[in-house]
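Peer 1: Structure in structure tokens, see below.
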Amino acid sequence: MHALRKHIHPGWLIIAPLLVLVVALYLGPILNILWLSVTDPEPGFGNYAKLGESDALLRILWTTVRICIITTMFSVTLGYSIAYAMVHCHQRQKNYMLTLLLVSFWISILVRTFSWLMLLGRKGLVNVTLEDIGLIAEPIAFMRNEFGVLIGMIHYMIPYAVLPLLVSMQALDKRVMDASSNLGATGAQTFWRIYLPLTTPGLVASTLLVFILSLGFYVTPAVLGGGKVLMVAEYISVQLLVTLKWGTAAMLAALMLFGVLAMLWIMSRFMKLSTVFGGAAR
Amino acid sequence: MQDKQFMKEMLTDGAHAYKEGRMDRRTFLALCGASGVALSAVMAGDAEAAADHVVMWNWGGQSEECHGSAIGDAFTASTGKGLKFDTSGPLEGKIKEMVDSGNVTADVADADLFNAVSLGPTGHLEPIDYSVVSKDKTLPGYALEYGVSVILYGYAFVYDTEAYGDNPPQNWADFFDTAKFPGMRSLYKWANGSLEAALMADGVAGDALYPLDMDRALAKIKSIKEDSLYWGSGSEAHSMCVNGEVTMGMIWQNRGRNIENDTDGRFKLVNNQAMAMPGAYIVPKGNPAGAAVMQFIATAQEVPAQLALLDCLGMTPSNPAAFGEIPEDQQDYAITSAKNIDKIVYNDPEWWGENGGDAVNAFLEAIS
Amino acid sequence: MADLANTGSLQIRDVSKMFGTFRAVDGVTLDIERGEFLTLLGPSGSGKTTLLMMIAGFLDITQGDIALDGASIADVPAEKRNFGMVFQGYALFPHMSVRDNIGYALSVRKRSASEIKARVDEMLDLVQLQEFADRKPTQLSGGQQQRVALARALCFAPPVLLLDEPLGALDKKLRVEVQEQLKDIHRRVGTTFIYVTHDQEEALSMSDRIVIMRDGAIEQVGTPVELYERPATKFAASFLGKSNFITQGDKTYALRPEKIDLRLGQGGSDARVSGTIRSITYFGSMQRIIVDSVQGDEIEVDIDVWRNQEALTEGAKVDLLWQEAAAVELHDT
Ligand SMILES: Nc1ncnc2c1ncn2[C@@H]1O[C@H](COP(=O)(O)OP(=O)(O)OP(=O)(O)O)[C@@H](O)[C@H]1O
Ligand SMILES: [Mg+2]
């Protein structure tokens with residue numbers, strides 16, 4: 001007992017009840033999913049075996065991963081420049097931009113998705129205008145395909161990408177950049193050798209956030225993809241609600257979970273994850 | 001305890017008053033706020049009281065109003081029981097979940113007849129009491145052990161008159177013929193109707209569709225994949241036509257009239273080879289109102305209710321006694337009207353109940 | 001470092017800096033000689049950092065001109081000025097090792113790896129951090145970080161080194177130690193040092209010349225001895241060391257407490273002022289005695305502890321004496 005007490009900080013005892021609750025609330029459903037994935041419709045790894053049998057499932061997974069990667073790349077790159085502009089512009093402009101950013105969080109995903117149809121659909125503002133001024137003869141197919149899904153998702157994800165970047169850029173000591181140019185570095189050298197490395201934790205946090213959120217995307221691909229862009233989240237929902245193949249759904253959910261965990265693990269090999277999640281950079 | 005009861009009654013009354021329009025939204029929300037109750041808790045919570053009303057589980061929107069006026073009023077008049085709604089949409093998975101969880105809050109679900117085939121034998125549904133509900137007041141084959149068809153909806157298509165002018169498409173074969181009828185099409189994303197249309201287009205007779213030849217159907221679907229969009233909800237199907245994204249669109253036939261109106265007649269409904277889908281009432285196992293719900297279903301079968309649903313929702317009667325009473329201005333749109341009844345084909349709920357899950361997945365995999 | 005022999009003199013001509021309508025630096029004119037150790041001294045907010053930042057090129061000059069060896073550098077961007085700088089708080093690159101920090105200036109100039117290594121080693125020797133070369137800045141003590149910052153700034157042999165309160169974060173004892181090292185390095189590299197501090201002892205002990213700043217303007221410039229012995233204004237006299245102010249007629253004189261002698265008993269013919277001891281405070285190396293003069297002034301006297309130990313008590317009557325030259329006439333009104 002004494003030895004035990006030495007190893008367990010008394011603080012843990014205080015939060016223990018809460019910890020138990022959190023574990024029960026989070027771990028419970030996750031275990032339930034894992035359990036379901038090996039028991040429904042019959043015990044065994046039949047659901048997982050489907051991955052080998054059906055190239056359709058693999059195609060859905062590949063579509064999902066591909067779209068998520070592209071979405072993440074663009075959202076984070078654009079988010080980086082937006083965050084950079086926000087940090088380095090005047091206070092008043094910064095307040096405007098922050099307000100716009102926050103407002104976009106409050107607009108429902110449906111509204112934001114359908115707005116793209118109005119703007120870029122076959123009879124949308126852009127196509128009609130281009131046709132009117134004679135630049136194009138046939139409307140350009142921006143929407144109802146993978147390209148449309150990407151536009152919608154990137155647009156939706158940019159604010160999420162901006163926030164962690166904004167935090168990490170704001171925390172930077174401006175004098176470090178001054179020091180770099182004082183030592184003779186050009187603007188580009190300062191950016192690549194100092195600014196970028198110092199904002200890497202924010203970049204990684206932003207990438208993780210956007211990628212993981214993208215994995216769960218459902219509405220945007222369903223609407224803007226014209227039914228042809230099937231991502232895992234929608235497929236899972238169909239298996240749960242329409243076809244009642246809960247085992248398949250659980251298997252795919254478990255797969256996504258492991259995928260994300262694996263990603264975090266690989267990342268932890270390269271950097272201290274605590275710096276990504278707000279710990280001090282070392 | 002006393003206080004809570006009072007508060008709940010006040011809120012429940014408030015909820016009804018709000019629904020009926022006697023109380024504005026802000027007052028009602030303030031009332032909820034004052035007692036620290038979430039709106040949904042009131043709306044859902046009072047469903048549990050049971051006995052003095054039945055709870056209908058449907059898709060909300062217009063159907064809430066329409067079910068109230070077309071069936072609810074008559075039901076209340078004859079039984080003294082009220083009608084309440086859960087508008088979260090009774091998808092098969094949700095019904096299963098509700099029954100499995102043991103917390104059944106709905107009495108009757110506005111679902112598809114094939115749901116009765118898949119959920120009935122697994123113990124998720126109450127059998128229909130045919131001493132109260134009539135087998136004769138629906139089409140033959142559409143009165144099943146665990147569900148009865150109360151209305152029909154259908155898969156038909158609309159086309160853009162400006163695109164095809166003098167030589168309009170007339171059947172599914174034309175719909176699938178992109179050489180003769182160039183332009184984008186839209187089809188239903190959850191396979192239903194789309195598969196049958198593809199087979200008919202490929203030359204299968206309307207009365208020889210089942211069991212569906214999946215390979216043949218999917219091959220046909222894939223043959224126009226480049227020219228197809230797929231919709232998942234009625235409003236999406238609607239907007240694809242109205243926004244000019246497609247020149248031909250498979251739709252739920254009851255939307256046909258709206259699309260014609262919203263495009264000032266540019267789009268036109270074709271009911272030839274429309275597939276009649278039996279919309280059915282099914283009862284979750286252990287429903288709170290018990291047997292009283294059968295009376296409700298029986299009310300919905302009556303001719304006045306059938307015609308009121310047609311008028312309000314565009315849903316076609318399934319009670320043959322109502323077919324002859326379909327008013328003149330609905331003749332073009334109701335698939336069981338004298339004008340259309342000889343041109344339509346019938347969905348087989350048994351096949352879909354047994355094979356629907358695999359069919360949907362195969363379809364999704366084919367189009368994605 | 002040989003090329004430093006004929007570069008490094010700065011000419012600051014009537015330079016002002018406005019932040020909006022606020023004048024942070026106000027008409028500063030100053031000639032700084034090559035190899036000089038010049039200290040900017042002044043209270044917080046007096047414009048020291050602002051002036052330094054204009055010299056470094058991080059802030060535009062609102063008015064006036066700055067020239068290096070006679071050629072204006074007002075339009076030369078910071079990264080082209082080749083001035084070394086040690087920032088307030090050091091501003092080391094936290095993600096780089098000590099070696100990479102120090103070699104940064106050469107590496108952005110695309111010098112060869114061997115040249116960089118040789119030069120960095122030389123710098124590490126200079127600041128005596130050889131064994132810390134591979135550590136990250138956060139793994140160093142404050143004094144070590146300070147030395148890295150210094151080595152980094154000196155590595156590319158700048159003609160001018162700007163230092164903004166480089167020792168501000170160090171404790172007293174360490175500060176004295178590093179002060180010595182700094183002086184030593186200054187002597188060895190021969191670079192012009194412009195040094196900002198608000199620590200007067202530091203300014204006195206290290207500088208060739210001191211510039212006392214007040215509200216953005218220069219109050220007085222001079223060697224430490226000049227400033228201490230002959231302050232021109234009340235502000236200069238009281239900011240650098242302590243001072244009594246004595247008014248005679250329409251003239252005000254500054255009189256350092258340690259230049260006053262004190263004798264028990266009143267009315268001596270050589271006494272300049274007589275008074276009563278109000279308080280005695282013991283400071284180890286000396287004691288500070290406050291005397292209320294018969295004219296009603298309060299005069300501070302610092303005297304050695306070993307003198308008159310037991311006879312000096314509060315309330316004792318005393319005469320105060322000083323030499324004529326000890327009282328410095330002030331020129332502000
Ligand atoms: N960017 C700025 N905008 C507005 N005012 C500024 C700015 N930078 C400095 N100031 C003001 O200019 C004055 C001089 O500031 P400066 O930083 O030069 O003082 P300092 O002498 O270095 O003080 P310290 O000893 O505290 O470092 C201060 O009153 C300060 O508030
Ligand atoms: Mg300063």
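Chain lettering (A, B, ...) mirrors the order of the structure tokens, residue numbering begins at 1 for each chain separately, and ligand numbering begins at 1 in order of display.
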Counting only C-alpha atoms, what is within 8 Å of Val270 in chain B, bar same-chain residues fewer than 3 positions away, as an mmCIF file with C-alpha atoms, in the first residue's frame?

Peer 2:
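Output (around.cif):
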```
data_model
loop_
_atom_site.group_PDB
_atom_site.id
_atom_site.type_symbol
_atom_site.label_atom_id
_atom_site.label_comp_id
_atom_site.auth_asym_id
_atom_site.auth_seq_id
_atom_site.Cartn_x
_atom_site.Cartn_y
_atom_site.Cartn_z
ATOM 1 C CA ALA B 156 -41.844 7.859 -62.741
ATOM 2 C CA PHE B 157 -39.796 10.362 -64.674
ATOM 3 C CA VAL B 158 -39.968 13.909 -65.897
ATOM 4 C CA TYR B 159 -38.236 15.296 -68.972
ATOM 5 C CA GLN B 170 -42.027 7.798 -73.518
ATOM 6 C CA ASN B 171 -40.697 4.925 -71.466
ATOM 7 C CA ALA B 274 -44.248 4.057 -63.486
#
```

Peer 1: Could you tell me, counting only C-alpha atoms and all ligand atoms, which protein and nucleic acid residues lie no more than 8 Å from ligand 2, written as number ranges by chain?

Peer 2: C: 44-45, 47-50, 88, 164-165, 196

Peer 1: For chain A, which residue among B:Ala362, B:Ala298, B:Leu195, B:Val303 is the nearest when counting only C-alpha atoms?

Peer 2: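 Of all the options, B:Ala362 lies closest to chain A.
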
Peer 1: Grab me every residue within 10 Å of ligand 1, counting only C-alpha atoms and all ligand atoms, and send it over as an NGL selection string.

Peer 2: :C and (17-25 or 40-54 or 59 or 88 or 164-165 or 168 or 196-199 or 213-216)

Peer 1: Need to verify the contact set: range 70-82 of chain B, 6 Å, only C-alpha atoms, exclusion of same-chain residues closer than 2 positions in sequence. Can you return it as a PDB file with all heavy atoms, in the first residue's frame?

Peer 2:
```pdb
ATOM      1  N   ASP B  52     -53.942   7.882 -24.500  1.00  0.00           N
ATOM      2  CA  ASP B  52     -54.937   8.818 -25.017  1.00  0.00           C
ATOM      3  C   ASP B  52     -54.593   9.334 -26.411  1.00  0.00           C
ATOM      4  O   ASP B  52     -55.259  10.186 -26.937  1.00  0.00           O
ATOM      5  CB  ASP B  52     -55.124   9.992 -24.044  1.00  0.00           C
ATOM      6  CG  ASP B  52     -53.856  10.813 -23.924  1.00  0.00           C
ATOM      7  OD1 ASP B  52     -52.771  10.261 -24.252  1.00  0.00           O
ATOM      8  OD2 ASP B  52     -53.941  11.976 -23.532  1.00  0.00           O
ATOM      9  N   HIS B  53     -53.537   8.805 -26.989  1.00  0.00           N
ATOM     10  CA  HIS B  53     -53.224   9.215 -28.358  1.00  0.00           C
ATOM     11  C   HIS B  53     -52.290   8.187 -28.998  1.00  0.00           C
ATOM     12  O   HIS B  53     -51.724   7.344 -28.300  1.00  0.00           O
ATOM     13  CB  HIS B  53     -52.560  10.594 -28.367  1.00  0.00           C
ATOM     14  CG  HIS B  53     -51.283  10.641 -27.588  1.00  0.00           C
ATOM     15  ND1 HIS B  53     -51.196  11.188 -26.334  1.00  0.00           N
ATOM     16  CD2 HIS B  53     -50.059  10.175 -27.882  1.00  0.00           C
ATOM     17  CE1 HIS B  53     -49.965  11.066 -25.887  1.00  0.00           C
ATOM     18  NE2 HIS B  53     -49.262  10.450 -26.801  1.00  0.00           N
ATOM     19  N   CYS B  66     -50.518  16.966 -43.289  1.00  0.00           N
ATOM     20  CA  CYS B  66     -51.444  16.187 -44.100  1.00  0.00           C
ATOM     21  C   CYS B  66     -51.966  14.965 -43.353  1.00  0.00           C
ATOM     22  O   CYS B  66     -53.150  14.644 -43.400  1.00  0.00           O
ATOM     23  CB  CYS B  66     -50.780  15.761 -45.397  1.00  0.00           C
ATOM     24  SG  CYS B  66     -50.440  17.162 -46.481  1.00  0.00           S
ATOM     25  N   HIS B  67     -51.061  14.271 -42.672  1.00  0.00           N
ATOM     26  CA  HIS B  67     -51.527  13.114 -41.904  1.00  0.00           C
ATOM     27  C   HIS B  67     -52.513  13.551 -40.830  1.00  0.00           C
ATOM     28  O   HIS B  67     -53.461  12.841 -40.513  1.00  0.00           O
ATOM     29  CB  HIS B  67     -50.342  12.378 -41.268  1.00  0.00           C
ATOM     30  CG  HIS B  67     -49.571  11.554 -42.248  1.00  0.00           C
ATOM     31  ND1 HIS B  67     -48.198  11.481 -42.242  1.00  0.00           N
ATOM     32  CD2 HIS B  67     -49.972  10.788 -43.287  1.00  0.00           C
ATOM     33  CE1 HIS B  67     -47.788  10.691 -43.229  1.00  0.00           C
ATOM     34  NE2 HIS B  67     -48.853  10.265 -43.874  1.00  0.00           N
ATOM     35  N   GLY B  68     -52.268  14.723 -40.265  1.00  0.00           N
ATOM     36  CA  GLY B  68     -53.173  15.236 -39.231  1.00  0.00           C
ATOM     37  C   GLY B  68     -54.563  15.476 -39.785  1.00  0.00           C
ATOM     38  O   GLY B  68     -55.563  14.992 -39.241  1.00  0.00           O
ATOM     39  N   ALA B 300     -57.110   5.185 -41.897  1.00  0.00           N
ATOM     40  CA  ALA B 300     -56.334   5.642 -43.048  1.00  0.00           C
ATOM     41  C   ALA B 300     -56.738   4.920 -44.328  1.00  0.00           C
ATOM     42  O   ALA B 300     -56.492   5.408 -45.431  1.00  0.00           O
ATOM     43  CB  ALA B 300     -54.844   5.433 -42.779  1.00  0.00           C
ATOM     44  N   ALA B 305     -60.077   9.434 -46.309  1.00  0.00           N
ATOM     45  CA  ALA B 305     -58.677   9.630 -45.918  1.00  0.00           C
ATOM     46  C   ALA B 305     -57.768   9.450 -47.133  1.00  0.00           C
ATOM     47  O   ALA B 305     -56.816  10.217 -47.343  1.00  0.00           O
ATOM     48  CB  ALA B 305     -58.286   8.650 -44.816  1.00  0.00           C
ATOM     49  N   ALA B 308     -57.994  12.445 -49.298  1.00  0.00           N
ATOM     50  CA  ALA B 308     -57.391  13.614 -48.643  1.00  0.00           C
ATOM     51  C   ALA B 308     -55.862  13.540 -48.735  1.00  0.00           C
ATOM     52  O   ALA B 308     -55.192  14.554 -48.948  1.00  0.00           O
ATOM     53  CB  ALA B 308     -57.837  13.685 -47.192  1.00  0.00           C
ATOM     54  N   LEU B 309     -55.319  12.343 -48.587  1.00  0.00           N
ATOM     55  CA  LEU B 309     -53.860  12.193 -48.704  1.00  0.00           C
ATOM     56  C   LEU B 309     -53.399  12.508 -50.125  1.00  0.00           C
ATOM     57  O   LEU B 309     -52.344  13.112 -50.334  1.00  0.00           O
ATOM     58  CB  LEU B 309     -53.430  10.775 -48.322  1.00  0.00           C
ATOM     59  CG  LEU B 309     -53.445  10.465 -46.831  1.00  0.00           C
ATOM     60  CD1 LEU B 309     -53.154   8.984 -46.587  1.00  0.00           C
ATOM     61  CD2 LEU B 309     -52.405  11.316 -46.103  1.00  0.00           C
TER      62      LEU B 309
END
```

Peer 1: Do a neighbour search on range 127-134 of chain C at 7 Å with only C-alpha atoms, toss out local chain neighbours closer than 5 positions, and write the hits as a PyMOL selection string.

Peer 2: chain C and resi 97-99+147+151

Peer 1: Compute the set of chain C residues within 12 Å of chain A, using only C-alpha atoms, and express it as number ranges by chain.

Peer 2: C: 53, 55-59, 76-97, 100-110, 135-139, 149-158, 160-164

Peer 1: For chain A, list the residues within 9 Å of chain B, counting only C-alpha atoms, and write the list as a list in words.

Peer 2: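 Going by the stated atoms only, the list reads Ala56, Leu57, Arg59, Ile60, Met118, Gly121, Arg122, Lys123, Gly124, Arg144, Asn145, Ala222, Val223, Gly225, Gly226, Gly227, Lys228, Val229, Leu230, Tyr235, Val238, Gln239, Leu240, Leu241, Val242, Thr243, Leu244, Lys245 and Trp246 of chain A.
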
Peer 1: So that I can check the surroundings of Met200 in chain B, please list as a list of chain:residue names every protein, DNA and RNA residue that reaches within 12 Å of it, counting only C-alpha atoms and ignoring chain neighbours fewer than 4 positions away.

Peer 2: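 Neighbouring residues, sequence-local ones excluded: B:Asn171, B:Trp172, B:Ala173, B:Asp174, B:Phe175, B:Phe176, B:Gly193, B:Ser194, B:Leu195, B:Glu196, B:Val204, B:Ala205, B:Gly206, B:Asp207, B:Ala208, B:Leu209, B:Tyr210, B:Leu212, B:Asp213, B:Arg216, B:Ala217, B:Lys220, B:Ile221, B:Asn272, B:Gln273, B:Ala274, B:Met275, B:Ile344, B:Val345.
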
Peer 1: Among range 160-279 of chain A, which ones does DSSP place in alpha helix (DSSP H), written as a PyMOL selection string?

Peer 2: chain A and resi 160-170+174-182+187-190+196-215+219-224+232-241+246-270+273-276

Peer 1: Write down as a short mmCIF file (atom, residue, chain, number, x, y, z; two decimals) with N, CA and C atoms, in the first residue's frame the residues belonging to range 50-299 of chain C that are assigned strand (DSSP E or B) by DSSP computed on the backbone.

Peer 2:
```
data_model
loop_
_atom_site.label_atom_id
_atom_site.label_comp_id
_atom_site.auth_asym_id
_atom_site.auth_seq_id
_atom_site.Cartn_x
_atom_site.Cartn_y
_atom_site.Cartn_z
N GLN C 63 12.16 60.99 -39.23
CA GLN C 63 12.82 62.23 -39.62
C GLN C 63 14.30 62.09 -39.32
N GLY C 64 15.16 62.75 -40.11
CA GLY C 64 16.58 62.69 -39.84
C GLY C 64 17.26 61.63 -40.67
N ASP C 65 18.50 61.31 -40.33
CA ASP C 65 19.28 60.38 -41.14
C ASP C 65 20.28 59.64 -40.27
N ILE C 66 20.57 58.41 -40.67
CA ILE C 66 21.62 57.65 -40.00
C ILE C 66 22.62 57.22 -41.05
N ALA C 67 23.90 57.41 -40.77
CA ALA C 67 24.93 57.06 -41.75
C ALA C 67 25.98 56.17 -41.11
N LEU C 68 26.51 55.26 -41.92
CA LEU C 68 27.60 54.40 -41.48
C LEU C 68 28.85 54.85 -42.24
N ALA C 71 28.11 57.26 -45.05
CA ALA C 71 27.12 56.96 -46.09
C ALA C 71 25.78 56.62 -45.45
N SER C 72 24.74 57.29 -45.94
CA SER C 72 23.43 57.08 -45.33
C SER C 72 22.97 55.63 -45.47
N GLY C 84 25.25 43.47 -36.19
CA GLY C 84 24.88 42.40 -35.26
C GLY C 84 23.94 42.95 -34.22
N MET C 85 23.10 42.05 -33.67
CA MET C 85 22.21 42.55 -32.64
C MET C 85 21.95 41.47 -31.60
N VAL C 86 22.01 41.88 -30.35
CA VAL C 86 21.62 40.97 -29.27
C VAL C 86 20.34 41.52 -28.71
N PHE C 87 19.26 40.72 -28.86
CA PHE C 87 17.94 41.23 -28.53
C PHE C 87 17.64 41.15 -27.05
N TYR C 90 17.04 37.82 -25.97
CA TYR C 90 17.93 37.01 -26.82
C TYR C 90 17.35 36.60 -28.16
N VAL C 160 29.18 46.89 -36.45
CA VAL C 160 28.49 47.47 -35.31
C VAL C 160 27.69 46.39 -34.63
N LEU C 161 27.76 46.33 -33.30
CA LEU C 161 26.94 45.38 -32.56
C LEU C 161 25.99 46.16 -31.66
N LEU C 162 24.69 45.82 -31.81
CA LEU C 162 23.68 46.50 -31.01
C LEU C 162 23.22 45.53 -29.92
N LEU C 163 23.20 46.01 -28.71
CA LEU C 163 22.80 45.13 -27.61
C LEU C 163 21.70 45.80 -26.80
N ASP C 164 20.54 45.15 -26.73
CA ASP C 164 19.42 45.75 -26.02
C ASP C 164 19.23 45.05 -24.68
N THR C 192 32.27 48.17 -32.92
CA THR C 192 31.55 49.22 -32.23
C THR C 192 30.37 48.61 -31.48
N PHE C 193 30.29 48.88 -30.18
CA PHE C 193 29.16 48.35 -29.39
C PHE C 193 28.22 49.49 -29.05
N ILE C 194 26.94 49.29 -29.36
CA ILE C 194 25.95 50.24 -28.86
C ILE C 194 25.06 49.46 -27.90
N TYR C 195 25.07 49.89 -26.67
CA TYR C 195 24.61 49.06 -25.58
C TYR C 195 23.49 49.78 -24.84
N VAL C 196 22.36 49.09 -24.72
CA VAL C 196 21.23 49.72 -24.03
C VAL C 196 21.09 49.13 -22.64
N THR C 197 20.92 49.99 -21.66
CA THR C 197 20.69 49.47 -20.32
C THR C 197 19.94 50.51 -19.52
N ARG C 209 31.56 55.82 -23.56
CA ARG C 209 30.72 57.00 -23.39
C ARG C 209 29.31 56.57 -23.04
N ILE C 210 28.60 57.46 -22.37
CA ILE C 210 27.22 57.18 -21.99
C ILE C 210 26.33 58.27 -22.57
N VAL C 211 25.19 57.83 -23.11
CA VAL C 211 24.18 58.80 -23.55
C VAL C 211 23.00 58.67 -22.60
N ILE C 212 22.69 59.73 -21.90
CA ILE C 212 21.52 59.67 -21.02
C ILE C 212 20.32 60.17 -21.81
N MET C 213 19.30 59.33 -21.88
CA MET C 213 18.11 59.68 -22.65
C MET C 213 16.94 59.97 -21.72
N ARG C 214 16.10 60.88 -22.18
CA ARG C 214 14.94 61.26 -21.40
C ARG C 214 13.84 61.67 -22.37
N ALA C 217 14.73 62.19 -26.02
CA ALA C 217 15.81 63.11 -26.41
C ALA C 217 17.06 62.83 -25.59
N ILE C 218 18.19 63.31 -26.10
CA ILE C 218 19.43 63.14 -25.36
C ILE C 218 19.51 64.19 -24.26
N GLU C 219 19.72 63.74 -23.05
CA GLU C 219 19.84 64.67 -21.93
C GLU C 219 21.29 65.14 -21.82
N GLN C 220 22.21 64.18 -21.91
CA GLN C 220 23.64 64.52 -21.79
C GLN C 220 24.47 63.38 -22.33
N VAL C 221 25.59 63.70 -22.97
CA VAL C 221 26.51 62.70 -23.46
C VAL C 221 27.88 62.94 -22.85
N GLY C 222 28.57 61.85 -22.50
CA GLY C 222 29.91 62.05 -21.98
C GLY C 222 30.52 60.75 -21.50
N ASN C 244 22.54 65.38 -4.02
CA ASN C 244 21.81 66.41 -3.27
C ASN C 244 21.73 67.64 -4.15
N PHE C 245 20.66 68.37 -4.01
CA PHE C 245 20.56 69.62 -4.75
C PHE C 245 20.50 70.79 -3.80
N ILE C 246 21.40 71.70 -4.03
CA ILE C 246 21.51 72.83 -3.12
C ILE C 246 21.31 74.11 -3.91
N THR C 247 20.43 74.94 -3.41
CA THR C 247 20.15 76.19 -4.12
C THR C 247 20.83 77.35 -3.40
N GLN C 248 21.55 78.12 -4.23
CA GLN C 248 22.13 79.34 -3.67
C GLN C 248 21.82 80.47 -4.62
N LYS C 251 20.95 79.92 -8.40
CA LYS C 251 21.70 78.79 -8.95
C LYS C 251 21.43 77.52 -8.17
N THR C 252 21.43 76.39 -8.91
CA THR C 252 21.25 75.09 -8.27
C THR C 252 22.54 74.29 -8.47
N TYR C 253 22.95 73.63 -7.42
CA TYR C 253 24.16 72.82 -7.48
C TYR C 253 23.83 71.38 -7.15
N ALA C 254 24.54 70.48 -7.82
CA ALA C 254 24.42 69.05 -7.48
C ALA C 254 25.60 68.68 -6.61
N LEU C 255 25.35 67.88 -5.61
CA LEU C 255 26.41 67.52 -4.67
C LEU C 255 26.26 66.05 -4.31
N ASP C 261 31.59 65.72 3.89
CA ASP C 261 32.14 65.21 5.16
C ASP C 261 31.26 65.73 6.28
N LEU C 262 31.36 65.04 7.41
CA LEU C 262 30.42 65.33 8.48
C LEU C 262 31.21 65.39 9.79
N ARG C 263 30.91 66.40 10.57
CA ARG C 263 31.67 66.57 11.83
C ARG C 263 30.69 66.87 12.94
N LEU C 264 30.90 66.18 14.11
CA LEU C 264 30.02 66.39 15.26
C LEU C 264 30.17 67.82 15.77
N VAL C 273 27.25 73.97 5.87
CA VAL C 273 25.87 73.88 6.35
C VAL C 273 25.89 73.22 7.70
N SER C 274 24.95 73.59 8.59
CA SER C 274 24.79 72.89 9.86
C SER C 274 23.42 72.27 9.90
N GLY C 275 23.32 71.18 10.72
CA GLY C 275 22.01 70.53 10.80
C GLY C 275 21.95 69.47 11.86
N THR C 276 20.88 68.66 11.81
CA THR C 276 20.63 67.63 12.81
C THR C 276 20.46 66.29 12.09
N ILE C 277 21.07 65.23 12.65
CA ILE C 277 20.92 63.91 12.01
C ILE C 277 19.50 63.42 12.21
N ARG C 278 18.86 63.10 11.10
CA ARG C 278 17.50 62.55 11.21
C ARG C 278 17.54 61.02 11.22
N SER C 279 18.36 60.46 10.37
CA SER C 279 18.39 58.99 10.36
C SER C 279 19.74 58.49 9.88
N ILE C 280 20.06 57.26 10.28
CA ILE C 280 21.30 56.62 9.86
C ILE C 280 20.94 55.24 9.32
N THR C 281 21.38 54.94 8.12
CA THR C 281 21.08 53.62 7.55
C THR C 281 22.38 52.92 7.22
N TYR C 282 22.49 51.70 7.62
CA TYR C 282 23.71 50.93 7.48
C TYR C 282 23.69 50.15 6.17
N MET C 286 29.23 51.22 3.63
CA MET C 286 29.14 52.62 4.06
C MET C 286 27.84 52.82 4.81
N GLN C 287 27.68 54.00 5.39
CA GLN C 287 26.40 54.30 6.00
C GLN C 287 25.86 55.60 5.45
N ARG C 288 24.53 55.64 5.31
CA ARG C 288 23.88 56.83 4.73
C ARG C 288 23.21 57.61 5.85
N ILE C 289 23.57 58.84 5.92
CA ILE C 289 23.06 59.68 7.01
C ILE C 289 22.25 60.81 6.41
N ILE C 290 21.05 60.97 6.90
CA ILE C 290 20.21 62.06 6.40
C ILE C 290 20.24 63.18 7.44
N VAL C 291 20.54 64.35 6.91
CA VAL C 291 20.67 65.49 7.82
C VAL C 291 19.64 66.55 7.44
N ASP C 292 18.91 67.05 8.45
CA ASP C 292 18.03 68.19 8.21
C ASP C 292 18.83 69.46 8.48
N SER C 293 19.03 70.26 7.43
CA SER C 293 19.86 71.45 7.61
C SER C 293 19.04 72.54 8.30
N GLU C 298 17.01 68.84 3.02
CA GLU C 298 17.32 67.49 3.49
C GLU C 298 18.56 67.05 2.71
N ILE C 299 19.63 66.72 3.42
CA ILE C 299 20.89 66.42 2.74
C ILE C 299 21.35 65.01 3.10
#
```

Peer 1: Please report the interatomic distance between CA of Gly147 in chain B and CA of Val283 in chain B in Å with one decimal.

Peer 2: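 CA of Val283 in chain B lies 7.6 Å from CA of Gly147 in chain B.
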
Peer 1: Would you mind telling me which residue in C:Leu320, C:Val148, C:Ile185, C:Ile73 lies nearest to Lys259 in chain C when using only C-alpha atoms?

Peer 2: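 Counting only C-alpha atoms, the residue closest to Lys259 in chain C is C:Leu320.
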
Peer 1: Quick one: residues within 12 Å of range 95-102 of chain A, only C-alpha atoms, excluding same-chain residues fewer than 6 positions away - as a compact mmCIF listing (two decimals) with C-alpha atoms, in the first residue's frame?

Peer 2:
```
# COMPACT_ATOMS: atom_id res chain seq x y z
CA GLY A 79 -5.52 28.06 -44.00
CA ILE A 82 -5.07 33.04 -44.19
CA ALA A 83 -3.72 32.63 -40.67
CA TYR A 84 -0.49 34.29 -41.76
CA ALA A 85 -2.38 37.23 -43.21
CA MET A 86 -4.47 37.51 -40.06
CA VAL A 87 -1.49 37.55 -37.77
CA HIS A 88 0.38 40.09 -39.83
CA CYS A 89 -2.30 42.59 -40.75
CA HIS A 155 -14.33 25.42 -48.18
CA TYR A 156 -15.91 23.90 -45.11
CA MET A 157 -12.59 22.85 -43.61
CA ILE A 158 -10.58 26.04 -44.04
CA PRO A 159 -11.80 27.68 -40.82
CA TYR A 160 -10.89 24.53 -38.91
CA ALA A 161 -7.46 24.59 -40.49
CA VAL A 162 -6.96 28.25 -39.63
CA LEU A 163 -7.59 28.11 -35.89
CA LEU A 166 -3.52 31.09 -35.82
```
